[in-house]
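Report on one structure; see the data block that follows.
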Amino acid sequence: MSVKIYRRVHELQGFSLKNCPAMPAPTAALMCPPDHYQVLAVKNPYMSGQVGAVDRAKARRQWEQVREAFDAAGLPVETATPVEGLEDMTFCANPSLAGLRPDGERVAVLGAMRHPSRRREVDAFETWYKARGWRTVRLKPGSHHTFEGSGDAVWHPGRRLLWAGHGFRSDPETFAQIARAFETPIIELKLVNARFYHLDTCFCPLTTEAVLIHPAAFDAASLELILKIFPIVVTANEADAGARMACNAAVVGRTAIIQKGATTVSNHMLALGLGVCEVDTSEFIKSGGSVYCLKQFLFGRRH
Ligand code: ARG
């Protein structure tokens, strides 16, 4: 299995989605209750003006709604114990990336977080994975490069292929290690707009053939790569992608779970034959996150 990293369209010669081996669908979602969730410092544009502004009781109710939505869509939810002092731990997409190797081994690549306030989250999730028999992989020590897990590395639905974003939170120098850990090729995308600081804020695969993106988040070469691979590309306008974080939706089977009110995007999803389940994640959008980053997709046998 090749572990090539593709950065430009001309490098895709010989590559086709059809030739990518199948990758099983997620079997569970890992979530972390927002017991200690708060906005304490501004790490992304959404957090500006929101320091101390989280209504924790409301956040808890919204989080339960997201958890129920995953469950109802057919994905059982596992939980990790929240750690005091880790105010962003509820965004459990970021401190790791879970997946399968070609032989079915469950591997979690651990994140190397850009912001010091998030670094201890990684240890907590490492413990969680190890206790359940996953192999964990740390990036090579001694490098200052960062990688923010499934916030910046998104599996292609049903295919052994990763889409990886860099520019704000993750460094492309880490991608070869990630490709090797999963024995999976990577298509590398450059993010150029600080409001879309993680790949999962502007790129949401809907099916094997269709993706939802916010085009202004990417450089031209990245848009070319997306258009080359996905036969169907639908776009989120600035209002839906920004204020409503519509590209941070999560698709489970044929159901898209998405922040409520992103009407243009929900209509695209309905037109593609997906079911739409709207949830309210307004308390999490204050911190720059919505449905996708409140969970980590897990693979393989039950955990
Ligand atoms: N406040 C968190 C941060 O800035 C939000 C992370 C949201 N996660 C995501 N994958 N978009 O790190």
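Residue numbering restarts at 1 in every chain; chains get A, B, ... in the order shown in the structure tokens, and ligands count up from 1 in that same order.
Near Lys4 (chain A), within 12 Å and counting only C-alpha atoms, sit A:Glu11, A:Leu12, A:Gln13, A:Gly14, A:Phe15, A:Leu161, A:Leu162, A:Phe175, A:Ala176, A:Gln177, A:Ile178, A:Ala179, A:Arg180, A:Phe182, A:Glu183, A:Thr184, A:Pro185, A:Ile186, A:Ile187, A:Glu188; same-chain residues fewer than 5 positions away were not included.
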Between region 2-85 of chain A and region 274-290 of chain A, at 10 Å or less, what are the per-residue closest atom pairs and their distances in Å? Count only C-alpha atoms, order by chain and rising residue number, and return it as JSON lines.
{"residue": "A:Pro34", "atom": "CA", "partner": "A:Phe284", "partner_atom": "CA", "distance": 9.6}
{"residue": "A:Tyr37", "atom": "CA", "partner": "A:Phe284", "partner_atom": "CA", "distance": 9.0}
{"residue": "A:Gln38", "atom": "CA", "partner": "A:Ser287", "partner_atom": "CA", "distance": 8.0}
{"residue": "A:Val39", "atom": "CA", "partner": "A:Ser287", "partner_atom": "CA", "distance": 6.1}
{"residue": "A:Leu40", "atom": "CA", "partner": "A:Ser287", "partner_atom": "CA", "distance": 9.3}
{"residue": "A:Ala41", "atom": "CA", "partner": "A:Ser287", "partner_atom": "CA", "distance": 9.4}
{"residue": "A:Val42", "atom": "CA", "partner": "A:Ser287", "partner_atom": "CA", "distance": 8.3}
{"residue": "A:Lys43", "atom": "CA", "partner": "A:Ser287", "partner_atom": "CA", "distance": 8.3}
{"residue": "A:Asn44", "atom": "CA", "partner": "A:Gly288", "partner_atom": "CA", "distance": 6.7}
{"residue": "A:Pro45", "atom": "CA", "partner": "A:Gly288", "partner_atom": "CA", "distance": 7.5}
{"residue": "A:Tyr46", "atom": "CA", "partner": "A:Gly288", "partner_atom": "CA", "distance": 4.9}
{"residue": "A:Met47", "atom": "CA", "partner": "A:Ser287", "partner_atom": "CA", "distance": 4.8}
{"residue": "A:Ser48", "atom": "CA", "partner": "A:Lys286", "partner_atom": "CA", "distance": 8.3}
{"residue": "A:Gly49", "atom": "CA", "partner": "A:Lys286", "partner_atom": "CA", "distance": 8.8}
{"residue": "A:Gln50", "atom": "CA", "partner": "A:Lys286", "partner_atom": "CA", "distance": 6.1}
{"residue": "A:Val51", "atom": "CA", "partner": "A:Lys286", "partner_atom": "CA", "distance": 8.8}
{"residue": "A:Ala53", "atom": "CA", "partner": "A:Lys286", "partner_atom": "CA", "distance": 8.0}
{"residue": "A:Val54", "atom": "CA", "partner": "A:Glu283", "partner_atom": "CA", "distance": 6.0}
{"residue": "A:Asp55", "atom": "CA", "partner": "A:Glu283", "partner_atom": "CA", "distance": 6.9}
{"residue": "A:Arg56", "atom": "CA", "partner": "A:Glu283", "partner_atom": "CA", "distance": 8.1}
{"residue": "A:Ala57", "atom": "CA", "partner": "A:Glu283", "partner_atom": "CA", "distance": 9.8}
{"residue": "A:Lys58", "atom": "CA", "partner": "A:Glu283", "partner_atom": "CA", "distance": 7.2}
{"residue": "A:Ala59", "atom": "CA", "partner": "A:Glu283", "partner_atom": "CA", "distance": 5.4}
{"residue": "A:Arg60", "atom": "CA", "partner": "A:Glu283", "partner_atom": "CA", "distance": 9.1}
{"residue": "A:Arg61", "atom": "CA", "partner": "A:Asp280", "partner_atom": "CA", "distance": 9.5}
{"residue": "A:Gln62", "atom": "CA", "partner": "A:Thr281", "partner_atom": "CA", "distance": 5.9}
{"residue": "A:Trp63", "atom": "CA", "partner": "A:Thr281", "partner_atom": "CA", "distance": 7.5}
{"residue": "A:Gln65", "atom": "CA", "partner": "A:Val279", "partner_atom": "CA", "distance": 6.8}
{"residue": "A:Val66", "atom": "CA", "partner": "A:Val279", "partner_atom": "CA", "distance": 6.5}
{"residue": "A:Glu68", "atom": "CA", "partner": "A:Val279", "partner_atom": "CA", "distance": 10.0}
{"residue": "A:Ala69", "atom": "CA", "partner": "A:Cys277", "partner_atom": "CA", "distance": 7.2}
{"residue": "A:Phe70", "atom": "CA", "partner": "A:Cys277", "partner_atom": "CA", "distance": 9.6}
{"residue": "A:Ala72", "atom": "CA", "partner": "A:Cys277", "partner_atom": "CA", "distance": 9.7}
{"residue": "A:Ala73", "atom": "CA", "partner": "A:Cys277", "partner_atom": "CA", "distance": 8.8}
**Message:** I'd like the neighbourhood of Ala249 (chain A) as a ChimeraX atom specification, where a residue qualifies if any of its atoms comes within 6 Å (using only C-alpha atoms), though same-chain residues fewer than 2 positions away should be ignored.
**Reply:** /A:246-247,257-258,291-292
Include C-alpha atoms and write out the residues we just selected as a PDB file, in the first residue's frame.
ATOM      1  CA  ALA A 246     -22.128  24.300   8.852  1.00  0.00           C
ATOM      2  CA  CYS A 247     -19.053  22.482   7.516  1.00  0.00           C
ATOM      3  CA  ILE A 257     -25.998  16.103  12.051  1.00  0.00           C
ATOM      4  CA  ILE A 258     -25.611  19.852  11.690  1.00  0.00           C
ATOM      5  CA  VAL A 291     -20.867  18.927  15.912  1.00  0.00           C
ATOM      6  CA  TYR A 292     -17.835  17.392  14.171  1.00  0.00           C
TER       7      TYR A 292
END
**Prompt:** Of the residues A:Phe218, A:Tyr197, A:Tyr129, A:Phe203, which is the one nearest to ligand 1, using only C-alpha atoms and all ligand atoms?
**Reply:** A:Tyr197
